[in-house]
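One file, structure00.txt, carrying compact mmCIF, C-alpha atoms and all ligand atoms:
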```txt
# COMPACT_ATOMS: atom_id res chain seq x y z
CA MET A 577 27.00 20.00 62.99
CA ASN A 578 26.20 21.13 59.53
CA PRO A 579 28.47 24.19 59.57
CA LYS A 580 25.94 26.20 57.59
CA ILE A 581 23.36 25.89 60.37
CA SER A 582 23.67 28.38 63.18
CA ALA A 583 22.40 27.32 66.60
CA TYR A 584 21.81 30.99 67.32
CA LYS A 585 19.53 31.34 64.28
CA ILE A 586 17.47 28.36 65.46
CA ILE A 587 16.91 29.79 68.93
CA ARG A 588 16.20 33.30 67.61
CA HIS A 589 13.46 31.89 65.40
CA ASN A 590 11.88 29.89 68.23
CA PHE A 591 12.09 32.85 70.61
CA ASN A 592 10.58 35.28 68.09
CA THR A 593 7.68 32.93 67.37
CA ALA A 594 6.91 32.51 71.07
CA VAL A 595 7.23 36.24 71.79
CA LYS A 596 4.76 36.99 68.99
CA HIS A 597 2.21 34.74 70.70
CA LEU A 598 2.94 36.43 74.03
CA GLY A 599 2.40 39.86 72.45
CA TYR A 600 5.47 41.45 74.08
CA ASP A 601 6.68 44.77 72.72
CA GLU A 602 10.05 45.16 71.01
CA GLU A 603 11.86 46.49 74.08
CA THR A 604 10.73 43.57 76.20
CA ALA A 605 11.83 41.12 73.52
CA LEU A 606 15.21 42.84 73.29
CA LEU A 607 15.67 42.77 77.05
CA LEU A 608 14.81 39.09 77.28
CA GLN A 609 17.04 37.94 74.45
CA THR A 610 20.15 39.96 75.31
CA PRO A 611 22.81 38.04 77.28
CA PHE A 612 23.87 39.58 80.59
CA ARG A 613 27.58 38.87 80.13
CA GLU A 614 29.81 37.15 77.56
CA MET A 615 33.34 36.26 78.52
CA GLN A 616 36.03 35.07 76.14
CA VAL A 617 39.38 33.84 77.41
CA ASN A 618 42.46 32.87 75.41
CA PHE A 619 44.99 30.79 77.27
CA PRO A 620 48.16 28.84 76.50
CA VAL A 621 48.54 25.16 77.35
CA ARG A 622 51.68 23.08 76.92
CA LEU A 623 50.85 19.96 74.89
CA ASP A 624 52.45 16.56 75.42
CA ASN A 625 54.58 17.08 72.28
CA GLY A 626 56.25 20.06 73.97
CA LYS A 627 54.48 22.70 71.85
CA LEU A 628 52.49 25.57 73.32
CA LYS A 629 48.96 25.97 72.01
CA VAL A 630 46.54 28.82 72.65
CA PHE A 631 42.97 27.68 73.34
CA THR A 632 39.86 29.86 73.34
CA GLY A 633 37.12 29.42 75.91
CA TYR A 634 33.81 31.14 76.58
CA ARG A 635 31.31 31.58 79.36
CA VAL A 636 28.03 33.28 78.50
CA GLN A 637 25.60 34.28 81.26
CA HIS A 638 22.29 34.85 79.57
CA ASN A 639 19.63 35.70 82.13
CA GLY A 640 19.86 35.59 85.92
CA ALA A 641 16.46 36.95 86.94
CA ARG A 642 15.31 33.61 88.41
CA GLY A 643 18.57 32.66 90.13
CA PRO A 644 22.27 31.99 89.59
CA PHE A 645 23.34 31.28 86.02
CA LYS A 646 23.37 27.55 85.31
CA GLY A 647 24.52 25.45 82.42
CA GLY A 648 27.13 23.09 81.09
CA ILE A 649 30.64 23.50 79.76
CA ARG A 650 31.41 21.79 76.48
CA PHE A 651 34.75 20.83 75.04
CA SER A 652 34.33 20.48 71.30
CA PRO A 653 36.13 21.49 68.10
CA ILE A 654 33.08 23.41 66.82
CA VAL A 655 32.56 25.56 69.93
CA ASP A 656 32.34 29.28 69.16
CA LEU A 657 30.63 32.30 70.69
CA ASP A 658 27.55 31.96 68.47
CA GLU A 659 26.99 28.42 69.71
CA VAL A 660 27.65 29.12 73.40
CA ARG A 661 25.40 32.17 73.27
CA ALA A 662 22.56 30.11 71.81
CA LEU A 663 23.02 27.32 74.35
CA ALA A 664 23.17 29.79 77.27
CA GLU A 665 19.85 31.26 76.20
CA ALA A 666 18.34 27.78 75.87
CA MET A 667 19.30 27.21 79.53
CA SER A 668 17.37 30.34 80.62
CA TRP A 669 14.16 28.96 79.13
CA LYS A 670 14.92 25.36 80.19
CA THR A 671 15.48 26.16 83.88
CA ALA A 672 12.26 28.22 83.89
CA ILE A 673 10.28 25.44 82.17
CA VAL A 674 11.22 22.83 84.77
CA ASN A 675 10.94 25.53 87.43
CA VAL A 676 14.32 25.21 89.08
CA PRO A 677 15.59 28.46 90.67
CA PHE A 678 18.34 29.18 88.17
CA GLY A 679 19.08 31.42 85.23
CA GLY A 680 20.77 30.34 82.03
CA GLY A 681 24.44 30.10 81.18
CA LYS A 682 26.84 28.04 79.10
CA GLY A 683 30.53 27.63 78.60
CA GLY A 684 32.85 25.99 76.16
CA VAL A 685 36.41 25.51 75.10
CA ASN A 686 37.28 25.02 71.46
CA CYS A 687 39.31 21.80 71.56
CA ASP A 688 38.93 18.17 70.53
CA PRO A 689 38.90 16.01 73.68
CA ARG A 690 39.32 12.84 71.60
CA GLN A 691 42.74 14.06 70.47
CA LEU A 692 43.92 15.11 73.95
CA SER A 693 45.61 13.15 76.73
CA GLN A 694 44.29 13.26 80.31
CA ARG A 695 47.15 15.56 81.27
CA GLU A 696 46.33 17.96 78.44
CA LEU A 697 42.62 17.89 79.29
CA GLN A 698 43.36 18.61 82.93
CA SER A 699 45.58 21.49 81.98
CA ILE A 700 42.89 22.97 79.71
CA ALA A 701 40.14 22.53 82.33
CA ARG A 702 42.20 24.10 85.12
CA THR A 703 43.46 27.05 83.09
CA TYR A 704 40.00 27.76 81.69
CA ALA A 705 38.55 27.59 85.24
CA SER A 706 41.17 29.95 86.58
CA ARG A 707 40.37 32.45 83.82
CA ILE A 708 36.61 32.45 84.39
CA ASN A 709 36.94 32.08 88.19
CA GLN A 710 35.75 35.59 89.01
CA ILE A 711 32.36 35.17 87.35
CA LEU A 712 31.62 31.75 88.91
CA GLY A 713 30.14 31.07 92.36
CA ALA A 714 27.62 28.88 94.18
CA TYR A 715 25.18 31.83 94.09
CA ARG A 716 26.52 33.38 90.90
CA ASP A 717 27.16 30.87 88.12
CA ILE A 718 27.21 27.07 88.46
CA PRO A 719 28.60 25.03 85.54
CA ALA A 720 27.96 21.36 84.81
CA PRO A 721 29.03 18.73 82.25
CA ASP A 722 28.06 18.98 78.60
CA MET A 723 29.38 17.51 75.39
CA GLY A 724 33.02 16.39 75.76
CA THR A 725 33.19 16.96 79.53
CA ASN A 726 32.42 14.70 82.48
CA ALA A 727 32.63 14.31 86.26
CA GLN A 728 36.44 14.36 86.15
CA VAL A 729 36.51 17.68 84.32
CA MET A 730 34.00 19.07 86.86
CA THR A 731 36.32 17.98 89.67
CA TRP A 732 39.31 19.83 88.19
CA ILE A 733 37.18 22.97 87.84
CA MET A 734 35.84 22.66 91.39
CA ASP A 735 39.37 22.16 92.69
CA GLU A 736 40.67 25.22 90.84
CA TYR A 737 37.77 27.32 92.15
CA SER A 738 38.20 25.98 95.70
CA LYS A 739 41.93 26.84 95.71
CA ARG A 740 41.01 30.48 95.29
CA ASN A 741 37.76 30.68 97.24
CA GLY A 742 37.79 27.88 99.81
CA TYR A 743 36.15 24.47 99.41
CA THR A 744 32.98 25.07 97.36
CA PRO A 745 31.33 21.91 96.00
CA ALA A 746 28.15 23.86 95.14
CA VAL A 747 30.00 25.91 92.49
CA ILE A 748 29.64 23.08 90.00
CA THR A 749 27.36 20.07 89.46
CA GLY A 750 27.86 16.72 87.81
CA LYS A 751 30.73 15.92 90.18
CA PRO A 752 31.68 12.35 91.09
CA VAL A 753 29.42 10.97 93.85
CA GLU A 754 32.49 10.60 96.11
CA LEU A 755 33.06 14.36 95.93
CA GLY A 756 29.57 15.72 96.53
CA GLY A 757 28.05 14.67 93.22
CA SER A 758 24.43 13.51 93.28
CA LYS A 759 23.38 9.94 92.83
CA GLY A 760 21.48 9.68 89.57
CA ARG A 761 23.06 12.79 88.01
CA GLU A 762 25.03 10.88 85.41
CA GLN A 763 21.92 9.11 84.10
CA ALA A 764 19.58 12.07 84.66
CA THR A 765 19.42 13.50 81.13
CA GLY A 766 18.88 10.06 79.60
CA ARG A 767 16.35 9.25 82.31
CA GLY A 768 14.47 12.42 81.43
CA VAL A 769 14.38 11.39 77.76
CA MET A 770 12.92 8.03 78.84
CA ILE A 771 10.32 9.63 81.14
CA LEU A 772 9.15 12.02 78.44
CA THR A 773 9.10 9.37 75.72
CA LYS A 774 6.76 7.37 77.94
CA ALA A 775 4.61 10.41 78.70
CA LEU A 776 4.28 11.24 74.99
CA ALA A 777 3.54 7.63 74.04
CA LYS A 778 0.85 7.44 76.73
CA ASP A 779 -0.82 10.57 75.36
CA TYR A 780 -1.11 8.77 72.03
CA GLN A 781 -2.31 5.50 73.60
CA THR A 782 0.93 3.72 72.79
CA ASP A 783 2.76 1.29 75.06
CA VAL A 784 6.49 1.89 75.36
CA ARG A 785 7.03 -1.85 74.73
CA ASP A 786 5.64 -1.41 71.22
CA LEU A 787 8.08 1.34 70.33
CA LYS A 788 11.04 0.93 68.01
CA VAL A 789 13.64 3.52 68.89
CA ILE A 790 16.64 5.05 67.11
CA VAL A 791 19.09 6.99 69.25
CA GLN A 792 21.50 9.28 67.39
CA GLY A 793 24.60 9.88 69.54
CA PHE A 794 26.07 7.50 72.07
CA GLY A 795 27.59 9.88 74.62
CA ASN A 796 26.24 10.37 78.12
CA VAL A 797 22.73 11.33 76.98
CA GLY A 798 22.28 8.87 74.12
CA SER A 799 23.72 5.82 75.85
CA ASN A 800 21.72 6.34 79.04
CA ALA A 801 18.53 7.10 77.12
CA ALA A 802 18.98 3.87 75.13
CA LYS A 803 19.68 1.80 78.25
CA LEU A 804 16.74 3.19 80.22
CA LEU A 805 14.31 2.93 77.29
CA ALA A 806 15.42 -0.67 76.73
CA GLN A 807 14.86 -1.35 80.45
CA GLU A 808 11.29 -0.10 80.00
CA GLY A 809 10.82 -2.60 77.19
CA ALA A 810 11.31 -0.39 74.13
CA ILE A 811 13.06 -1.99 71.15
CA ILE A 812 16.29 -0.20 70.27
CA VAL A 813 16.68 -0.61 66.50
CA GLY A 814 19.31 2.00 65.70
CA LEU A 815 22.32 3.61 67.37
CA SER A 816 24.98 5.98 66.14
CA ASP A 817 28.11 7.82 67.20
CA VAL A 818 30.69 10.04 65.48
CA GLU A 819 32.09 7.07 63.55
CA GLY A 820 28.81 5.90 61.99
CA ALA A 821 25.65 3.96 62.82
CA ILE A 822 24.12 0.51 63.19
CA TYR A 823 20.56 -0.66 62.52
CA ASN A 824 18.61 -3.85 63.09
CA ASP A 825 14.85 -3.82 62.56
CA LYS A 826 14.46 -6.78 64.94
CA GLY A 827 16.17 -4.90 67.75
CA LEU A 828 19.78 -4.56 68.89
CA ASN A 829 21.03 -6.46 71.90
CA LEU A 830 22.08 -3.45 73.94
CA ASN A 831 24.31 -5.34 76.37
CA ALA A 832 26.19 -6.85 73.44
CA VAL A 833 26.51 -3.40 71.84
CA LEU A 834 27.88 -2.00 75.10
CA GLU A 835 30.45 -4.81 75.21
CA HIS A 836 31.43 -4.02 71.62
CA VAL A 837 31.76 -0.29 72.46
CA LYS A 838 33.95 -1.14 75.45
CA LYS A 839 36.33 -3.03 73.18
CA THR A 840 36.32 -0.81 70.08
CA ARG A 841 35.13 2.59 71.41
CA THR A 842 32.45 2.76 68.70
CA VAL A 843 29.11 1.15 67.86
CA VAL A 844 30.38 0.76 64.28
CA GLY A 845 31.28 -2.80 63.34
CA PHE A 846 28.78 -4.36 65.73
CA PRO A 847 28.25 -7.68 63.96
CA ASP A 848 24.52 -8.27 64.34
CA ALA A 849 23.43 -5.14 62.47
CA GLU A 850 23.35 -3.31 59.18
CA GLN A 851 26.12 -0.67 59.00
CA VAL A 852 24.75 2.70 57.93
CA SER A 853 26.05 6.27 57.85
CA GLY A 854 25.48 8.81 60.61
CA GLU A 855 23.13 10.73 58.32
CA ALA A 856 21.18 7.73 57.02
CA ILE A 857 20.30 6.48 60.51
CA LEU A 858 18.00 9.48 61.01
CA GLU A 859 15.83 8.29 58.11
CA LYS A 860 15.56 4.59 58.97
CA PRO A 861 12.16 3.12 59.94
CA CYS A 862 11.30 3.54 63.64
CA ASP A 863 8.61 4.92 65.95
CA VAL A 864 10.79 7.17 68.07
CA LEU A 865 13.83 9.15 67.02
CA VAL A 866 16.06 10.53 69.77
CA PRO A 867 18.61 12.99 68.38
CA ALA A 868 21.17 13.05 71.20
CA ALA A 869 24.26 14.50 69.56
CA ILE A 870 24.58 18.02 68.21
CA GLU A 871 22.69 21.01 66.88
CA GLY A 872 21.08 21.33 63.49
CA VAL A 873 20.91 17.67 62.41
CA LEU A 874 17.23 17.65 61.40
CA THR A 875 16.83 20.01 58.48
CA GLU A 876 14.50 20.78 55.60
CA GLU A 877 16.66 18.44 53.56
CA ASN A 878 16.19 15.24 55.61
CA ALA A 879 12.99 16.00 57.56
CA PRO A 880 10.65 14.83 54.76
CA ARG A 881 12.30 11.38 54.88
CA VAL A 882 12.19 10.92 58.68
CA LYS A 883 9.93 7.93 59.43
CA ALA A 884 9.54 8.39 63.19
CA LYS A 885 6.12 9.31 64.62
CA PHE A 886 7.72 10.72 67.75
CA ILE A 887 10.89 12.78 68.18
CA VAL A 888 12.32 13.34 71.65
CA GLU A 889 15.22 15.80 71.61
CA GLY A 890 18.06 14.66 73.84
CA ALA A 891 20.46 17.15 72.22
CA ASN A 892 20.13 20.92 72.37
CA LEU A 893 18.73 22.62 69.24
CA PRO A 894 18.89 19.58 66.91
CA THR A 895 15.96 20.73 64.73
CA THR A 896 15.86 23.70 62.38
CA PRO A 897 12.65 25.77 62.09
CA GLU A 898 12.18 24.48 58.52
CA ALA A 899 12.34 20.87 59.74
CA ASP A 900 9.90 21.74 62.53
CA ALA A 901 7.37 22.96 59.97
CA ILE A 902 7.75 19.72 57.98
CA PHE A 903 7.27 17.58 61.10
CA GLU A 904 4.16 19.52 62.03
CA LYS A 905 2.71 19.06 58.56
CA ASN A 906 3.53 15.34 58.64
CA GLY A 907 1.94 14.83 62.05
CA VAL A 908 5.21 13.99 63.84
CA HIS A 909 4.92 14.65 67.58
CA LEU A 910 8.01 16.22 69.08
CA VAL A 911 9.13 16.80 72.67
CA PRO A 912 11.49 19.78 72.44
CA ASP A 913 15.01 19.90 73.89
CA VAL A 914 14.16 22.51 76.54
CA LEU A 915 11.96 19.89 78.18
CA ALA A 916 13.24 16.56 76.83
CA ASN A 917 16.84 17.04 78.01
CA ALA A 918 16.04 19.03 81.15
CA GLY A 919 16.53 15.98 83.38
CA GLY A 920 20.22 16.87 83.63
CA VAL A 921 19.76 20.35 84.98
CA THR A 922 16.94 19.17 87.24
CA VAL A 923 19.20 16.69 89.02
CA SER A 924 21.95 19.34 88.95
CA TYR A 925 19.54 21.42 91.01
CA PHE A 926 19.14 18.51 93.43
CA GLU A 927 22.92 18.19 93.62
CA TRP A 928 23.28 21.90 94.43
CA VAL A 929 20.59 21.69 97.12
CA GLN A 930 22.30 18.66 98.69
CA ASN A 931 25.70 20.42 98.60
CA LEU A 932 24.36 23.56 100.26
CA GLN A 933 22.85 21.45 103.04
CA GLN A 934 25.73 18.96 103.25
CA LEU A 935 23.44 15.98 102.93
CA SER A 936 22.90 13.19 100.48
CA TRP A 937 19.62 11.82 99.16
CA ASP A 938 19.22 8.25 98.00
CA GLU A 939 18.81 7.43 94.33
CA ASP A 940 15.14 6.44 94.53
CA GLU A 941 14.25 9.77 96.03
CA ILE A 942 16.17 11.61 93.32
CA ASN A 943 14.56 9.62 90.51
CA GLN A 944 11.10 10.16 91.97
CA ARG A 945 11.65 13.88 92.37
CA LEU A 946 13.01 14.06 88.82
CA GLU A 947 9.99 12.31 87.36
CA LYS A 948 7.61 14.56 89.26
CA GLN A 949 9.39 17.74 88.19
CA LEU A 950 9.50 16.73 84.50
CA LEU A 951 5.90 15.51 84.35
CA THR A 952 4.71 18.73 85.98
CA ALA A 953 6.54 20.69 83.27
CA TYR A 954 5.09 18.38 80.61
CA ARG A 955 1.57 19.06 81.91
CA ASP A 956 2.21 22.82 82.13
CA ILE A 957 3.38 22.80 78.51
CA THR A 958 0.50 20.70 77.18
CA ALA A 959 -1.89 23.15 78.87
CA VAL A 960 -0.25 26.04 76.96
CA MET A 961 -0.37 23.97 73.75
CA LYS A 962 -4.12 23.52 74.04
CA GLU A 963 -4.82 27.05 75.19
CA ARG A 964 -2.87 28.68 72.38
CA ASN A 965 -3.00 26.00 69.71
CA VAL A 966 0.76 25.89 69.20
CA SER A 967 3.39 23.15 68.87
CA MET A 968 4.97 21.68 71.99
CA ARG A 969 8.17 23.57 71.22
CA ILE A 970 6.49 26.95 71.01
CA ALA A 971 4.38 26.15 74.08
CA ALA A 972 7.56 25.32 76.01
CA TYR A 973 9.23 28.56 74.93
CA ILE A 974 6.08 30.51 75.84
CA LEU A 975 6.12 28.98 79.30
CA GLY A 976 9.86 29.52 79.85
CA ILE A 977 10.01 33.05 78.47
CA SER A 978 6.91 34.18 80.38
CA ARG A 979 8.34 32.88 83.67
CA VAL A 980 11.61 34.74 83.10
CA HIS A 981 9.66 37.85 82.09
CA ARG A 982 7.59 37.65 85.28
CA ALA A 983 10.77 37.39 87.37
CA GLU A 984 12.23 40.42 85.60
CA GLU A 985 9.01 42.35 86.24
CA LEU A 986 8.95 41.41 89.92
CA ARG A 987 12.58 42.43 90.33
CA GLY A 988 11.72 45.74 88.72
CA VAL A 989 13.96 45.72 85.69
N1 LIG B 1001 24.63 20.62 79.95
C1 LIG B 1001 23.34 20.17 80.36
C2 LIG B 1001 22.26 20.89 79.59
O1 LIG B 1001 22.45 21.32 78.49
C3 LIG B 1001 23.16 20.23 81.87
C4 LIG B 1001 23.29 21.59 82.49
C5 LIG B 1001 23.32 21.57 84.01
O2 LIG B 1001 23.16 20.54 84.61
O3 LIG B 1001 23.51 22.67 84.56
O4 LIG B 1001 21.14 20.98 80.01
```
Turn the structure described in the file into structure tokens.
Amino acid sequence: MNPKISAYKIIRHNFNTAVKHLGYDEETALLLQTPFREMQVNFPVRLDNGKLKVFTGYRVQHNGARGPFKGGIRFSPIVDLDEVRALAEAMSWKTAIVNVPFGGGKGGVNCDPRQLSQRELQSIARTYASRINQILGAYRDIPAPDMGTNAQVMTWIMDEYSKRNGYTPAVITGKPVELGGSKGREQATGRGVMILTKALAKDYQTDVRDLKVIVQGFGNVGSNAAKLLAQEGAIIVGLSDVEGAIYNDKGLNLNAVLEHVKKTRTVVGFPDAEQVSGEAILEKPCDVLVPAAIEGVLTEENAPRVKAKFIVEGANLPTTPEADAIFEKNGVHLVPDVLANAGGVTVSYFEWVQNLQQLSWDEDEINQRLEKQLLTAYRDITAVMKERNVSMRIAAYILGISRVHRAEELRGV
């Protein structure tokens, strides 16, 4: 992330714009934006080199009016309270937009998983879980994977929680399928990006097979979005990861790229492509740009040079308000993060439901339910867009915030 760009500033701006349209008074706005609880834990972990290191972790519970707090845990070297607070709030609006019965939360540990061994990672995950144990629960706060974490990390956290509270698979989602995870959860966020790219393209009379796509970020979200879009016939022309980026106007052979990544752990150096920088890839010619990495990558500086007609936000908060204004002026159509990447939390909801009932749905059923839930949200948002003549982002925030507000009202806060 550009260190000058605060994720919290981005979300505050989006929230304030939506609240102005909703006409809420100052007290209501204050109530809705204030996090319920913010926990910071500092804990020592013995590293493989014998040294003791103190790590700092967070769990922010933003709003729980619509249900238990829900949201991922990220392990990343830029995690801080400002970021986790912003991402927790994004989850409150996101869960309301896709209408799953959860509130918003987020967690993180400031560490660099790429520099850590499995033993060190396990130690960090378990100690962090033990420190935040008392605020978690299947009906209280349910974490999930996010940047730098995966099904294995979820398992360690579930195990730590279960040691203290009895076996509780529903306390966390994104688990391995063998341990109560849901089929389709791993691909769900990328699948959501694909579903919404198709929905947007259809609205503009475009066939997905005519779309040239650049995906920035090749983690869980980016790689699955690229695979599923390619399966639908889209032409993947650009890919990037933390090391750099590759571009081929004729289309990249995704299977060959995946083979290359397996061997070298990066897309960089893939032979049949132009090698470009992580920044330059955002400005290369394409129809669809999928930012699927970190916050604040599309700014007033690079937005004027972005060639894409469509932007589908796989990452959380990748676009600054200034860049948004430029995209609007340039006629770029954008599906905002709070809808575009909500496939993950939607299938997390399915996982939680399956855990509570001790049953397992098949993958087709999950994918069908996911598509239905996301397309309903897409329709709800486009209705608000037309009614209020606002961008899709502001329409999504209006929808999410008003649903949370209604829940607060009904509960009598
Ligand atoms: N971390 C993901 C997100 O930002 C998924 C959250 C979840 O499944 O609870 O939406």
Legend entry - Selection as a PyMOL selection string: residues within 10 Å of ligand LIG 1001 (chain B) by all atoms listed in the file: chain A and resi 645-650+663-664+666-667+670-671+678-683+717-723+725+748-750+761-762+764-765+797+890-892+913-928
Legend entry - Length of the atom CA of A:Val747 to atom CA of A:Gln637 vector [Å]: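 Going from atom CA of A:Val747 over to atom CA of A:Gln637 covers 14.7 Å.
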So that I can see what lies close to stretch 821-835 of chain A, please list as a short mmCIF file (atom, residue, chain, number, x, y, z; two decimals) with C-alpha atoms, keeping the file's coordinate frame the residues with an atom at most 12 Å from it, counting all atoms listed in the file and leaving out residues fewer than 5 positions away in the same chain.
```cif
data_model
loop_
_atom_site.label_atom_id
_atom_site.label_comp_id
_atom_site.auth_asym_id
_atom_site.auth_seq_id
_atom_site.Cartn_x
_atom_site.Cartn_y
_atom_site.Cartn_z
CA ARG A 785 7.03 -1.85 74.73
CA ASP A 786 5.64 -1.41 71.22
CA LEU A 787 8.08 1.34 70.33
CA LYS A 788 11.04 0.93 68.01
CA VAL A 789 13.64 3.52 68.89
CA ILE A 790 16.64 5.05 67.11
CA VAL A 791 19.09 6.99 69.25
CA GLN A 792 21.50 9.28 67.39
CA GLY A 793 24.60 9.88 69.54
CA PHE A 794 26.07 7.50 72.07
CA GLY A 795 27.59 9.88 74.62
CA SER A 799 23.72 5.82 75.85
CA ASN A 800 21.72 6.34 79.04
CA ALA A 801 18.53 7.10 77.12
CA ALA A 802 18.98 3.87 75.13
CA LYS A 803 19.68 1.80 78.25
CA LEU A 804 16.74 3.19 80.22
CA LEU A 805 14.31 2.93 77.29
CA ALA A 806 15.42 -0.67 76.73
CA GLN A 807 14.86 -1.35 80.45
CA GLY A 809 10.82 -2.60 77.19
CA ALA A 810 11.31 -0.39 74.13
CA ILE A 811 13.06 -1.99 71.15
CA ILE A 812 16.29 -0.20 70.27
CA VAL A 813 16.68 -0.61 66.50
CA GLY A 814 19.31 2.00 65.70
CA LEU A 815 22.32 3.61 67.37
CA SER A 816 24.98 5.98 66.14
CA THR A 840 36.32 -0.81 70.08
CA ARG A 841 35.13 2.59 71.41
CA THR A 842 32.45 2.76 68.70
CA VAL A 843 29.11 1.15 67.86
CA VAL A 844 30.38 0.76 64.28
CA GLY A 845 31.28 -2.80 63.34
CA PHE A 846 28.78 -4.36 65.73
CA PRO A 847 28.25 -7.68 63.96
CA ASP A 848 24.52 -8.27 64.34
CA ALA A 849 23.43 -5.14 62.47
CA GLU A 850 23.35 -3.31 59.18
CA GLN A 851 26.12 -0.67 59.00
CA VAL A 852 24.75 2.70 57.93
CA SER A 853 26.05 6.27 57.85
CA GLY A 854 25.48 8.81 60.61
CA GLU A 855 23.13 10.73 58.32
CA ALA A 856 21.18 7.73 57.02
CA ILE A 857 20.30 6.48 60.51
CA LEU A 858 18.00 9.48 61.01
CA GLU A 859 15.83 8.29 58.11
CA LYS A 860 15.56 4.59 58.97
CA PRO A 861 12.16 3.12 59.94
CA CYS A 862 11.30 3.54 63.64
CA ASP A 863 8.61 4.92 65.95
#
```
Legend entry - Contacts of stretch 651-653 of chain A at 6 Å (all atoms listed in the file; same-chain gap of 6+ positions) as a count of residues only: 6
Legend entry - Separation of atom CA of A:Val818 from atom CA of A:Ser699, in Å and rounded to one decimal: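 About the pair atom CA of A:Val818 and atom CA of A:Ser699: they are 25.0 Å apart.
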Legend entry - Pairwise distance for atom CA of A:Gly756 and atom CA of A:Leu932, rounded to one decimal in Å: 10.1 Å
Inset, instruction - Write out as a VMD selection string the residues lying within 6 Å of stretch 866-876 of chain A, counting all atoms listed in the file and excluding same-chain residues fewer than 6 positions away. - result: chain A and resid 577 581 791 to 793 798 887 to 891 893 to 896 898 to 899
Legend entry - Shell of 8 Å around stretch 622-624 of chain A, all atoms listed in the file, local chain residues under 2 positions omitted, as number ranges by chain: A: 620, 626-629, 693, 695-696
Legend entry - Nearest residue to A:Pro912 from the set A:Gln781, A:Ser967, A:Thr593, A:Ser738 (distances using all atoms listed in the file):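 For A:Pro912, the nearest of the given residues is A:Ser967.
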Legend entry - From A:Leu935, A:Val980, A:Ala672, A:Ile970, residue lying nearest A:Pro897 [all atoms listed in the file]: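 Ranking A:Leu935, A:Val980, A:Ala672, A:Ile970 by distance to A:Pro897, first place goes to A:Ile970.
Between A:Ala775 and the residues A:Asn592, A:Asn796, A:Asn878, A:Thr958, the shortest atom-to-atom distance, using all atoms listed in the file, involves A:Thr958.
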Inset, instruction - Pick out the closest residue to A:Leu772 from this set: A:Leu950, A:Val617, A:Val660, A:Leu975. Count only C-alpha atoms. - result: A:Leu950
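Shortest separation to A:Ser978 among A:Trp732, A:Ser706, A:Asp656, A:Val960 occurs at residue A:Val960, atoms counted being all atoms listed in the file.
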Legend entry - For A:Ser668, the nearest of the candidates A:Pro689, A:Gly643, A:Pro880, A:Gly599, counting all atoms listed in the file: A:Gly643
Inset, instruction - Skip A:Trp937 itself and residues of its chain fewer than 3 positions away, then list as a VMD selection string all residues within 8 Å of it, counting all atoms listed in the file. - result: chain A and resid 758 to 759 930 941 to 942
Find the axis-aligned box for stretch 619-627 of chain A, covering all its listed atoms and adding 8 Å on each side, and write its centre and edge lengths in Å to one decimal as JSON.
```
{"center_x": 50.6, "center_y": 23.7, "center_z": 74.6, "size_x": 27.3, "size_y": 30.2, "size_z": 21.5}
```
